[in-house]
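Participant: Sending over target.txt (compact mmCIF, C-alpha atoms).
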# COMPACT_ATOMS: atom_id res chain seq x y z
CA MET E 1 90.03 82.23 -18.49
CA LYS E 2 90.14 85.98 -17.98
CA LYS E 3 93.68 86.13 -19.29
CA PHE E 4 92.66 84.12 -22.36
CA ILE E 5 89.77 86.52 -23.09
CA GLU E 6 92.14 89.46 -22.74
CA SER E 7 94.58 87.85 -25.19
CA ILE E 8 91.78 87.34 -27.72
CA SER E 9 90.73 90.97 -27.36
CA ASN E 10 94.33 92.07 -27.84
CA VAL E 11 94.46 90.15 -31.12
CA TRP E 12 91.73 92.35 -32.56
CA LYS E 13 93.49 95.50 -31.39
CA ILE E 14 96.43 94.83 -33.72
CA GLU E 15 95.27 95.97 -37.15
CA GLU E 16 97.74 93.92 -39.20
CA LEU E 17 97.09 90.74 -37.24
CA LYS E 18 93.33 91.25 -37.45
CA ASN E 19 93.51 91.69 -41.24
CA ARG E 20 95.69 88.58 -41.61
CA ILE E 21 93.26 86.48 -39.58
CA LEU E 22 90.27 87.73 -41.58
CA ILE E 23 92.06 87.03 -44.89
CA THR E 24 92.93 83.52 -43.66
CA LEU E 25 89.35 82.79 -42.59
CA GLY E 26 87.99 84.16 -45.87
CA LEU E 27 90.29 82.03 -48.06
CA LEU E 28 89.59 78.94 -45.95
CA LEU E 29 85.87 79.58 -46.41
CA VAL E 30 86.37 79.71 -50.19
CA TYR E 31 88.18 76.37 -50.05
CA ARG E 32 85.43 74.75 -47.99
CA PHE E 33 82.77 76.13 -50.35
CA GLY E 34 84.58 74.63 -53.35
CA ALA E 35 84.67 71.24 -51.62
CA HIS E 36 80.87 71.08 -51.96
CA VAL E 37 80.73 72.01 -55.68
CA THR E 38 80.16 68.81 -57.66
CA LEU E 39 81.87 68.24 -61.00
CA PRO E 40 79.67 69.38 -63.91
CA GLY E 41 77.95 66.44 -65.54
CA ILE E 42 77.42 64.40 -62.36
CA ASP E 43 74.11 63.99 -60.57
CA ALA E 44 74.90 64.96 -56.98
CA THR E 45 71.97 62.90 -55.68
CA GLN E 46 73.55 59.62 -56.83
CA LEU E 47 76.86 59.76 -54.97
CA THR E 48 75.94 57.28 -52.23
CA GLY E 49 78.17 54.60 -53.74
CA LEU E 50 81.17 56.92 -53.74
CA ALA E 51 80.43 57.99 -50.17
CA GLY E 52 80.29 54.35 -49.12
CA GLN E 53 83.65 53.68 -50.77
CA ALA E 54 85.22 56.65 -48.98
CA SER E 55 83.89 55.60 -45.58
CA ASN E 56 86.41 52.79 -45.06
CA GLY E 57 89.76 51.54 -46.25
CA LEU E 58 92.58 53.63 -47.66
CA THR E 59 90.18 55.92 -49.51
CA ALA E 60 88.81 57.05 -46.13
CA ILE E 61 92.21 58.59 -45.35
CA PHE E 62 92.31 60.39 -48.70
CA ASP E 63 88.75 61.60 -48.23
CA MET E 64 89.64 62.96 -44.79
CA PHE E 65 92.57 64.97 -46.17
CA THR E 66 90.31 66.52 -48.82
CA GLY E 67 87.64 67.40 -46.27
CA GLY E 68 85.04 65.10 -47.84
CA ALA E 69 85.59 66.51 -51.35
CA PHE E 70 86.65 63.07 -52.63
CA ALA E 71 83.30 61.51 -51.66
CA LYS E 72 81.37 64.45 -53.12
CA ALA E 73 83.04 64.25 -56.57
CA SER E 74 83.94 67.87 -56.00
CA VAL E 75 86.05 70.19 -58.12
CA PHE E 76 88.52 69.92 -55.20
CA ALA E 77 88.27 66.10 -55.13
CA LEU E 78 92.06 65.72 -55.37
CA GLY E 79 92.58 68.50 -52.85
CA ILE E 80 96.07 69.71 -52.09
CA MET E 81 97.55 66.20 -51.95
CA PRO E 82 99.18 66.32 -55.44
CA TYR E 83 101.11 69.38 -54.26
CA ILE E 84 102.19 67.53 -51.11
CA SER E 85 103.34 64.59 -53.25
CA ALA E 86 105.25 66.93 -55.57
CA SER E 87 106.92 68.65 -52.61
CA ILE E 88 108.06 65.30 -51.21
CA VAL E 89 109.43 64.19 -54.60
CA VAL E 90 111.36 67.45 -55.09
CA GLN E 91 112.73 67.26 -51.57
CA LEU E 92 113.95 63.70 -52.07
CA MET E 93 115.36 64.50 -55.52
CA GLY E 94 117.32 67.34 -53.93
CA ILE E 95 119.49 64.71 -52.24
CA ALA E 96 120.61 63.11 -55.52
CA ILE E 97 120.38 65.85 -58.17
CA PRO E 98 123.20 68.46 -58.03
CA TYR E 99 121.09 71.14 -59.75
CA LEU E 100 118.45 71.00 -57.02
CA GLN E 101 121.17 70.96 -54.35
CA LYS E 102 122.56 74.16 -55.87
CA LEU E 103 119.11 75.76 -55.84
CA GLN E 104 118.67 74.87 -52.17
CA ASN E 105 121.86 76.79 -51.38
CA ASP E 106 120.99 79.84 -53.52
CA GLY E 107 118.77 81.48 -50.92
CA GLU E 108 115.56 83.24 -51.95
CA SER E 109 116.15 82.98 -55.71
CA GLY E 110 116.76 79.24 -55.42
CA ARG E 111 113.66 78.81 -53.29
CA LYS E 112 111.53 80.52 -55.94
CA LYS E 113 112.86 78.20 -58.66
CA ILE E 114 112.23 75.14 -56.49
CA ASN E 115 108.67 76.35 -55.87
CA GLN E 116 108.18 76.73 -59.63
CA ILE E 117 109.47 73.19 -60.24
CA THR E 118 107.13 71.91 -57.53
CA ARG E 119 104.16 73.65 -59.18
CA TRP E 120 104.86 72.09 -62.59
CA LEU E 121 105.33 68.68 -61.00
CA THR E 122 102.01 69.18 -59.18
CA ILE E 123 100.28 69.67 -62.53
CA ALA E 124 101.94 66.54 -63.92
CA ILE E 125 100.85 64.44 -60.92
CA THR E 126 97.30 65.82 -61.13
CA LEU E 127 97.14 64.95 -64.84
CA VAL E 128 97.81 61.33 -63.82
CA GLN E 129 95.52 61.26 -60.78
CA GLY E 130 92.66 63.07 -62.54
CA PRO E 131 91.84 60.33 -65.10
CA THR E 132 92.34 57.72 -62.37
CA TYR E 133 89.73 59.44 -60.23
CA ILE E 134 87.30 59.67 -63.17
CA TYR E 135 87.84 55.96 -63.88
CA ASN E 136 86.99 55.25 -60.24
CA LEU E 137 83.76 57.23 -60.70
CA TYR E 138 82.89 55.04 -63.70
CA ARG E 139 83.39 51.92 -61.57
CA THR E 140 81.54 53.22 -58.50
CA LEU E 141 78.58 55.30 -59.70
CA PRO E 142 75.62 54.08 -61.76
CA GLY E 143 75.44 55.06 -65.41
CA SER E 144 72.49 57.36 -64.74
CA ALA E 145 74.70 59.54 -62.52
CA PHE E 146 76.55 60.83 -65.61
CA LEU E 147 74.38 63.48 -67.21
CA LEU E 148 76.54 63.68 -70.35
CA GLY E 149 76.47 59.93 -70.84
CA PHE E 150 78.54 57.05 -69.48
CA ASN E 151 82.17 57.09 -70.71
CA SER E 152 81.56 60.39 -72.47
CA PRO E 153 84.83 61.88 -73.90
CA GLU E 154 83.50 65.38 -73.24
CA PHE E 155 82.94 64.56 -69.56
CA LEU E 156 86.37 62.93 -69.18
CA PHE E 157 88.24 65.83 -70.79
CA SER E 158 86.35 68.61 -68.99
CA SER E 159 86.51 66.84 -65.61
CA VAL E 160 90.26 66.28 -65.80
CA ILE E 161 90.78 69.95 -66.68
CA ILE E 162 88.54 71.01 -63.77
CA LEU E 163 90.34 68.69 -61.32
CA VAL E 164 93.73 70.05 -62.38
CA THR E 165 92.42 73.61 -62.10
CA GLY E 166 90.92 72.85 -58.67
CA THR E 167 94.24 71.58 -57.35
CA ILE E 168 96.09 74.59 -58.77
CA PHE E 169 93.52 76.93 -57.23
CA ALA E 170 93.83 75.16 -53.86
CA MET E 171 97.62 75.49 -54.12
CA TRP E 172 97.22 79.20 -54.89
CA LEU E 173 94.91 79.62 -51.88
CA GLY E 174 97.50 77.98 -49.65
CA GLU E 175 100.30 80.22 -50.89
CA LYS E 176 98.14 83.34 -50.45
CA ILE E 177 97.31 82.34 -46.88
CA THR E 178 101.04 81.95 -46.18
CA ASP E 179 101.87 85.34 -47.73
CA LYS E 180 98.88 87.45 -46.71
CA GLY E 181 97.35 85.51 -43.82
CA ILE E 182 98.53 83.76 -40.69
CA GLY E 183 100.10 80.30 -40.46
CA ASN E 184 101.21 77.87 -43.16
CA GLY E 185 98.54 77.95 -45.86
CA ILE E 186 98.96 74.43 -47.25
CA SER E 187 98.93 72.89 -43.78
CA LEU E 188 95.87 74.94 -42.80
CA LEU E 189 93.96 73.68 -45.86
CA ILE E 190 94.67 70.10 -44.82
CA MET E 191 93.78 70.79 -41.19
CA VAL E 192 90.47 72.45 -42.11
CA GLY E 193 89.60 69.47 -44.29
CA ILE E 194 90.29 67.11 -41.40
CA LEU E 195 88.35 69.20 -38.90
CA ALA E 196 85.36 69.29 -41.26
CA ARG E 197 84.88 65.57 -40.61
CA LEU E 198 85.13 65.85 -36.82
CA PRO E 199 81.52 66.90 -35.98
CA GLN E 200 79.96 64.17 -38.13
CA ALA E 201 82.30 61.51 -36.69
CA PHE E 202 81.49 62.56 -33.12
CA ILE E 203 77.74 62.60 -33.79
CA GLN E 204 77.93 59.06 -35.18
CA GLU E 205 79.84 57.89 -32.11
CA PHE E 206 77.41 59.69 -29.80
CA THR E 207 74.45 58.06 -31.55
CA THR E 208 76.03 54.63 -31.27
CA ARG E 209 76.95 54.95 -27.59
CA VAL E 210 73.98 56.87 -26.19
CA THR E 211 70.99 56.58 -28.52
CA ASN E 212 71.60 52.93 -29.39
CA ASN E 213 72.66 52.18 -25.79
CA ASN E 214 75.98 50.65 -26.85
CA GLY E 215 78.11 51.41 -23.80
CA GLY E 216 76.19 54.44 -22.60
CA PRO E 217 77.34 57.99 -21.82
CA MET E 218 80.04 56.81 -19.38
CA LEU E 219 81.99 55.00 -22.10
CA LEU E 220 81.65 58.06 -24.34
CA VAL E 221 83.15 60.22 -21.56
CA ILE E 222 86.03 57.75 -21.22
CA GLU E 223 86.64 57.97 -24.97
CA ILE E 224 86.78 61.77 -24.80
CA ILE E 225 89.25 61.60 -21.88
CA VAL E 226 91.46 59.18 -23.83
CA TRP E 227 91.22 61.44 -26.89
CA LEU E 228 92.34 64.48 -24.85
CA LEU E 229 95.23 62.48 -23.38
CA VAL E 230 96.35 61.50 -26.88
CA ILE E 231 96.21 65.17 -27.95
CA ILE E 232 98.38 66.09 -24.95
CA ALA E 233 100.82 63.33 -25.94
CA CYS E 234 100.96 64.72 -29.50
CA VAL E 235 101.66 68.21 -28.14
CA LEU E 236 104.48 66.85 -25.98
CA LEU E 237 105.90 64.94 -28.96
CA THR E 238 105.79 68.06 -31.12
CA MET E 239 107.26 70.43 -28.54
CA ALA E 240 109.82 68.15 -26.85
CA VAL E 241 113.47 69.17 -27.42
CA ARG E 242 116.85 68.02 -26.16
CA ARG E 243 118.82 71.15 -25.34
CA ILE E 244 122.56 70.94 -26.01
CA PRO E 245 124.46 73.63 -24.03
CA VAL E 246 126.72 75.90 -26.10
CA GLN E 247 129.25 78.44 -24.86
CA TYR E 248 130.80 81.32 -26.75
CA ALA E 249 134.21 82.72 -25.95
CA ARG E 250 134.14 86.13 -24.30
CA ARG E 251 137.02 88.44 -25.17
CA THR E 252 138.18 90.87 -22.46
CA THR E 253 140.88 93.51 -22.65
CA THR E 254 143.26 94.33 -19.78
CA GLY E 255 145.87 96.88 -20.68
CA ASP E 256 147.80 95.56 -23.67
CA TYR E 257 146.56 91.99 -23.21
CA GLU E 258 143.49 90.26 -24.53
CA GLN E 259 142.14 87.13 -22.92
CA ASP E 260 139.50 84.64 -24.10
CA LEU E 261 137.27 83.37 -21.35
CA ALA E 262 135.25 80.28 -22.15
CA GLY E 263 132.31 81.20 -20.09
CA GLY E 264 130.87 84.12 -21.94
CA ASN E 265 127.43 83.77 -23.43
CA ARG E 266 125.68 80.46 -22.84
CA GLN E 267 123.04 79.35 -25.32
CA TRP E 268 121.39 76.13 -26.39
CA ILE E 269 121.03 74.02 -29.52
CA PRO E 270 117.46 72.68 -29.44
CA LEU E 271 117.31 69.21 -31.02
CA LYS E 272 113.69 68.18 -31.45
CA LEU E 273 112.57 64.76 -30.32
CA ASN E 274 110.48 64.54 -33.50
CA ALA E 275 112.59 66.54 -35.93
CA SER E 276 110.92 64.96 -38.97
CA GLY E 277 107.41 66.04 -37.99
CA VAL E 278 104.60 64.29 -39.83
CA MET E 279 106.64 63.46 -42.95
CA PRO E 280 107.52 59.85 -41.95
CA ILE E 281 103.80 59.07 -41.60
CA ILE E 282 103.08 60.64 -45.00
CA PHE E 283 105.93 58.67 -46.61
CA ALA E 284 104.76 55.43 -44.97
CA GLN E 285 101.14 56.14 -45.93
CA ALA E 286 102.15 56.59 -49.56
CA ILE E 287 104.05 53.28 -49.53
CA MET E 288 101.07 51.47 -47.99
CA PHE E 289 99.02 52.13 -51.13
CA ILE E 290 101.47 50.13 -53.26
CA PRO E 291 101.04 46.51 -52.02
CA ALA E 292 97.25 46.49 -52.48
CA ALA E 293 97.55 48.20 -55.88
CA VAL E 294 100.17 45.75 -57.18
CA ALA E 295 98.48 42.66 -55.72
CA GLY E 296 95.16 43.81 -57.19
CA LEU E 297 96.57 43.23 -60.70
CA SER E 298 96.47 39.47 -60.06
CA LYS E 299 93.43 37.34 -59.30
CA SER E 300 95.24 34.60 -57.36
CA ASP E 301 94.20 33.72 -53.82
CA THR E 302 97.52 34.97 -52.41
CA SER E 303 97.15 38.31 -54.16
CA GLN E 304 93.60 38.72 -52.94
CA SER E 305 94.66 37.98 -49.36
CA ILE E 306 97.36 40.66 -49.67
CA VAL E 307 94.79 43.11 -51.02
CA GLY E 308 92.50 42.34 -48.07
CA ALA E 309 95.28 42.70 -45.49
CA PHE E 310 96.57 46.01 -46.83
CA SER E 311 93.13 47.48 -47.48
CA ASP E 312 92.05 47.11 -43.85
CA ILE E 313 93.62 50.15 -42.22
CA PHE E 314 92.59 48.81 -38.80
CA GLY E 315 94.01 45.32 -39.36
CA PHE E 316 97.11 43.89 -37.65
CA TRP E 317 99.40 43.39 -40.65
CA TYR E 318 98.61 46.78 -42.13
CA ASN E 319 99.47 48.55 -38.88
CA PHE E 320 102.53 46.36 -38.19
CA VAL E 321 104.07 47.23 -41.58
CA PHE E 322 102.88 50.82 -41.22
CA ALA E 323 104.60 51.25 -37.83
CA THR E 324 107.81 49.64 -39.09
CA LEU E 325 107.95 51.97 -42.10
CA ILE E 326 107.36 54.99 -39.86
CA ILE E 327 110.32 54.06 -37.64
CA VAL E 328 112.58 53.56 -40.69
CA PHE E 329 111.46 56.77 -42.40
CA THR E 330 111.84 58.77 -39.18
CA PHE E 331 115.56 57.93 -39.07
CA PHE E 332 115.89 58.52 -42.82
CA TYR E 333 114.12 61.88 -42.91
CA THR E 334 115.87 63.12 -39.75
CA ALA E 335 119.23 62.26 -41.30
CA ILE E 336 118.54 64.36 -44.42
CA THR E 337 116.87 67.32 -42.69
CA VAL E 338 119.12 67.80 -39.64
CA PRO E 339 122.56 68.76 -41.04
CA THR E 340 124.81 68.03 -38.06
CA ASN E 341 127.94 68.73 -40.14
CA LYS E 342 126.70 72.20 -41.08
CA MET E 343 125.61 72.87 -37.50
CA ALA E 344 129.11 71.98 -36.25
CA ASP E 345 130.78 74.17 -38.91
CA ASP E 346 128.52 77.15 -38.16
CA LEU E 347 129.18 76.73 -34.46
CA LYS E 348 132.95 76.67 -35.02
CA ARG E 349 132.89 79.75 -37.26
CA SER E 350 130.89 81.72 -34.69
CA GLY E 351 133.35 80.89 -31.91
CA GLY E 352 131.00 78.56 -30.05
CA PHE E 353 131.63 75.13 -28.63
CA ILE E 354 129.88 72.41 -26.67
CA PRO E 355 131.49 72.05 -23.24
CA GLY E 356 133.71 68.96 -23.17
CA VAL E 357 133.56 68.43 -26.95
CA ARG E 358 136.20 69.56 -29.47
CA PRO E 359 134.96 71.87 -32.26
CA GLY E 360 134.72 70.47 -35.76
CA ALA E 361 134.36 66.77 -36.56
CA GLU E 362 134.03 65.72 -32.92
CA THR E 363 131.14 68.16 -32.44
CA SER E 364 129.45 66.82 -35.57
CA ASP E 365 129.81 63.22 -34.32
CA PHE E 366 128.46 64.23 -30.91
CA LEU E 367 125.39 65.94 -32.40
CA ASP E 368 124.81 62.97 -34.70
CA LYS E 369 124.99 60.56 -31.75
CA VAL E 370 122.55 62.64 -29.69
CA MET E 371 120.12 62.86 -32.64
CA SER E 372 120.24 59.07 -33.04
CA LEU E 373 119.58 58.53 -29.34
CA ILE E 374 116.57 60.85 -29.19
CA THR E 375 115.21 59.86 -32.62
CA PHE E 376 114.72 56.22 -31.59
CA PRO E 377 112.20 56.87 -28.77
CA GLY E 378 110.69 59.66 -30.87
CA SER E 379 110.13 57.25 -33.78
CA LEU E 380 108.56 54.65 -31.47
CA PHE E 381 106.23 57.28 -30.00
CA LEU E 382 105.32 58.52 -33.48
CA ALA E 383 104.60 54.98 -34.66
CA LEU E 384 102.44 54.34 -31.58
CA ILE E 385 100.36 57.44 -32.22
CA ALA E 386 100.05 56.49 -35.90
CA VAL E 387 98.57 53.05 -35.14
CA PHE E 388 96.57 54.16 -32.09
CA PRO E 389 93.28 54.42 -34.07
CA ALA E 390 93.50 50.67 -34.73
CA ILE E 391 94.15 50.07 -31.03
CA VAL E 392 91.06 51.97 -29.86
CA VAL E 393 88.91 50.22 -32.48
CA SER E 394 90.13 46.85 -31.25
CA ILE E 395 89.96 47.55 -27.51
CA MET E 396 87.11 50.05 -27.12
CA ASP E 397 85.01 49.20 -30.22
CA VAL E 398 85.07 52.83 -31.37
CA GLN E 399 83.46 53.83 -34.66
CA GLN E 400 86.10 53.91 -37.39
CA SER E 401 85.34 57.47 -38.46
CA TRP E 402 85.74 58.69 -34.84
CA ALA E 403 88.82 56.49 -34.28
CA MET E 404 90.66 58.34 -37.08
CA PHE E 405 90.94 61.33 -34.71
CA PHE E 406 92.67 59.29 -32.00
CA GLY E 407 96.01 59.44 -33.77
CA GLY E 408 97.57 58.93 -37.15
CA THR E 409 98.46 61.62 -39.64
CA SER E 410 95.29 63.61 -39.01
CA LEU E 411 95.84 64.28 -35.31
CA ILE E 412 99.55 65.07 -35.65
CA ILE E 413 98.82 67.49 -38.51
CA MET E 414 96.11 69.24 -36.49
CA VAL E 415 98.35 69.57 -33.43
CA GLY E 416 101.38 70.71 -35.41
CA VAL E 417 99.46 73.29 -37.46
CA ALA E 418 97.63 74.61 -34.39
CA ILE E 419 100.90 75.05 -32.47
CA ASP E 420 102.58 76.78 -35.43
CA THR E 421 99.64 79.17 -35.94
CA ILE E 422 99.42 80.01 -32.23
CA GLN E 423 103.15 80.72 -32.12
CA GLN E 424 102.83 83.14 -35.03
CA ILE E 425 99.94 84.93 -33.31
CA ASN E 426 101.97 85.09 -30.09
CA SER E 427 104.87 86.68 -31.94
CA TYR E 428 102.57 89.49 -33.10
CA LEU E 429 101.26 89.95 -29.57
CA LEU E 430 104.78 90.05 -28.11
CA ASN E 431 105.94 92.57 -30.69
CA LYS E 432 102.97 94.79 -29.94
CA HIS E 433 103.56 94.45 -26.23
CA TYR E 434 107.18 95.50 -26.73
CA ASP E 435 106.15 98.61 -28.68
CA GLY E 436 103.55 99.39 -26.04
CA LEU E 437 106.23 99.55 -23.34
CA MET E 438 107.82 102.51 -25.11
CA LYS E 439 106.02 105.75 -24.41
CA THR E 440 106.50 107.06 -27.91
CA GLY E 441 105.73 103.70 -29.57
CA LYS E 442 102.19 104.62 -30.61
CA ASN E 443 103.20 108.02 -31.92
CA ARG E 444 106.10 106.98 -34.13
CA LYS E 445 104.03 107.10 -37.29
CA ALA E 446 102.58 110.49 -36.41
CA VAL E 447 106.00 111.94 -35.55
CA ALA E 448 107.47 110.61 -38.78
Translate this structure into structure tokens?
Facilitator:
Amino acid sequence: MKKFIESISNVWKIEELKNRILITLGLLLVYRFGAHVTLPGIDATQLTGLAGQASNGLTAIFDMFTGGAFAKASVFALGIMPYISASIVVQLMGIAIPYLQKLQNDGESGRKKINQITRWLTIAITLVQGPTYIYNLYRTLPGSAFLLGFNSPEFLFSSVIILVTGTIFAMWLGEKITDKGIGNGISLLIMVGILARLPQAFIQEFTTRVTNNNGGPMLLVIEIIVWLLVIIACVLLTMAVRRIPVQYARRTTTGDYEQDLAGGNRQWIPLKLNASGVMPIIFAQAIMFIPAAVAGLSKSDTSQSIVGAFSDIFGFWYNFVFATLIIVFTFFYTAITVPTNKMADDLKRSGGFIPGVRPGAETSDFLDKVMSLITFPGSLFLALIAVFPAIVVSIMDVQQSWAMFFGGTSLIIMVGVAIDTIQQINSYLLNKHYDGLMKTGKNRKAVA
């Protein structure tokens, strides 16, 4: 504990790091403030129907990612999700479109052009989702909730413009946090939105268990222990790597002879157990919206049963299909994001080799085989964590809002973003510690 307090105090001793943290906290505060600003023309006191809709089903997941802005009919009701969708589309299109492939290989200039394409696509997606959200408001809220009149063209036009602007502003906040703050800005916006729902969910569970005497404090303690164990499992999944030993030839000179010794510098190629991160869950989650939406177009009994099955995010068939898609997408996304051929070529050019494996094609095949072997258990573990909220609801009768924090996209995002942010802070601390070891480190600026 003492060491932790000392590390926190050291953070505030580094001027640049302190400023970055303050900028990050300030921009996150702006985002959270905007999540509570209701769209002009809507009576904020009549949003109970929308809140009820966002408390269960697939809309509960969307509302969690927006930090409750969806249920509040906020100017940030669409949140940063259109940008996430645009990023996924551009990334997938980069596999098939040669122009995007060229941009990906053009370094910084190509990255800037890809970011610009992603921004324009974000606007296009928001222009589609905005009217859809307003139409949902018409279906959910009473007519008296619309101060400008029900189905008013002025309200529709202004609200769509505001929703598009809100998403663009949220995207700008995320990029500014990345550039001027600490951590990945877009991921932090999502994480803060998820964390905003945590206190309310825990209070509801506490009230159910203790106040209403449904299980008592002991069962609540057991739930917290299980929750902490799941968090530890997520940390292990995020941090776990399979280290492939690599050796580099060491060249020595003896008289007029030079000799290569294959035992020079030994390093490692870290292959992550979950190289795809949270993307397979996001892909699968996006696909899970489709069956209910398509089946909802028909009024037949079969269609309505499909809608019911795929609208219950804690039901068996929803989670069975969800887990299967996660396993499939984990292999797919790992295959397109871990370039084993390029890794083998770079290793060969740098004079490195894996002991017992020939450089070139054989090294590429070896790395591909290892990735396949470690991706399978990683995908199963990821799928288990994704469907774990449904398991705790079924076994322990946990409140659905509290169960959402026992796994799924929300918990993996929180763990991944927290680890990434802590690693960035640690890098600042280590750099400062390195300068501090040099006697003239603090006086370099003055001497210059």
Participant: Between CA of Gly174 (chain E) and CA of Leu189 (chain E), what is the distance in Å, rounded to a tenth?
Facilitator: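 Between these atoms lies a distance of 6.7 Å.
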Participant: For CA of Pro359 (chain E) and CA of Thr375 (chain E), determine how far apart the two atoms are, in Å to one decimal place.
Facilitator: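 These atoms are spaced 23.1 Å apart.
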Participant: Can you pull out the residues contacting region 179-183 of chain E? Cut-off 10 Å, using only C-alpha atoms, and skip same-chain residues under 5 positions away; I want them as number ranges by chain.
Facilitator: E: 16-27, 173-174, 188, 417-425
Participant: Figure out the distance between CA of Met171 (chain E) and CA of Ile194 (chain E), please, to one decimal in Å.
Facilitator: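 That distance, rounded to one decimal, is 16.9 Å.
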Participant: Excluding region 122-132 of chain E and residues on its chain fewer than 4 positions from it, collect all residues at most 7 Å away from it, counting all atoms listed in the file, and give them as a list in words.
Facilitator: Pro82, Tyr83, Ala86, Thr118, Asn136, Val160, Leu163 and Val164 of chain E
Participant: Return the single residue from E:Ala240, E:Ala69, E:Ile80, E:Ile14 that is closest to Ile168 (chain E), with distances computed using all atoms listed in the file.
Facilitator: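 Smallest distance to Ile168 (chain E) is found for E:Ile80.
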Participant: Check which residues of region 343-424 of chain E sit at most 9 Å from region 298-314 of chain E using all atoms listed in the file, and return one row each with the closest pair of atoms and their distance in Å to one decimal, ordered by chain and rising number, as CSV.
Facilitator:
residue,atom,partner,partner_atom,distance
E:Val387,CA,E:Phe314,CA,8.2
E:Pro389,CA,E:Phe314,CA,7.4
E:Ala390,CA,E:Phe314,CA,4.6
E:Ile391,CA,E:Phe314,CA,8.0
E:Val393,CA,E:Phe314,CA,7.4
E:Ser394,CA,E:Phe314,CA,8.2
E:Gln400,CA,E:Phe314,CA,8.4
Participant: Please produce a file of those selected residues containing C-alpha atoms, as a short mmCIF file (atom, residue, chain, number, x, y, z; two decimals), in the frame of the given file.
Facilitator:
data_model
loop_
_atom_site.label_atom_id
_atom_site.label_comp_id
_atom_site.auth_asym_id
_atom_site.auth_seq_id
_atom_site.Cartn_x
_atom_site.Cartn_y
_atom_site.Cartn_z
CA VAL E 387 98.57 53.05 -35.14
CA PRO E 389 93.28 54.42 -34.07
CA ALA E 390 93.50 50.67 -34.73
CA ILE E 391 94.15 50.07 -31.03
CA VAL E 393 88.91 50.22 -32.48
CA SER E 394 90.13 46.85 -31.25
CA GLN E 400 86.10 53.91 -37.39
#
Participant: Between E:Leu347, E:Ile177, E:Ile61, E:Gly107, which residue has the minimum interatomic distance to Phe289 (chain E), considering all atoms listed in the file?
Facilitator: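 Comparing E:Leu347, E:Ile177, E:Ile61, E:Gly107 against Phe289 (chain E), the winner is E:Ile61.
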Participant: Hey, which of E:Ser159, E:Asn214, E:Thr340, E:Thr66 ends up closest to Arg32 (chain E)? Count only C-alpha atoms.
Facilitator: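 Distance minimum relative to Arg32 (chain E) lands on E:Thr66.
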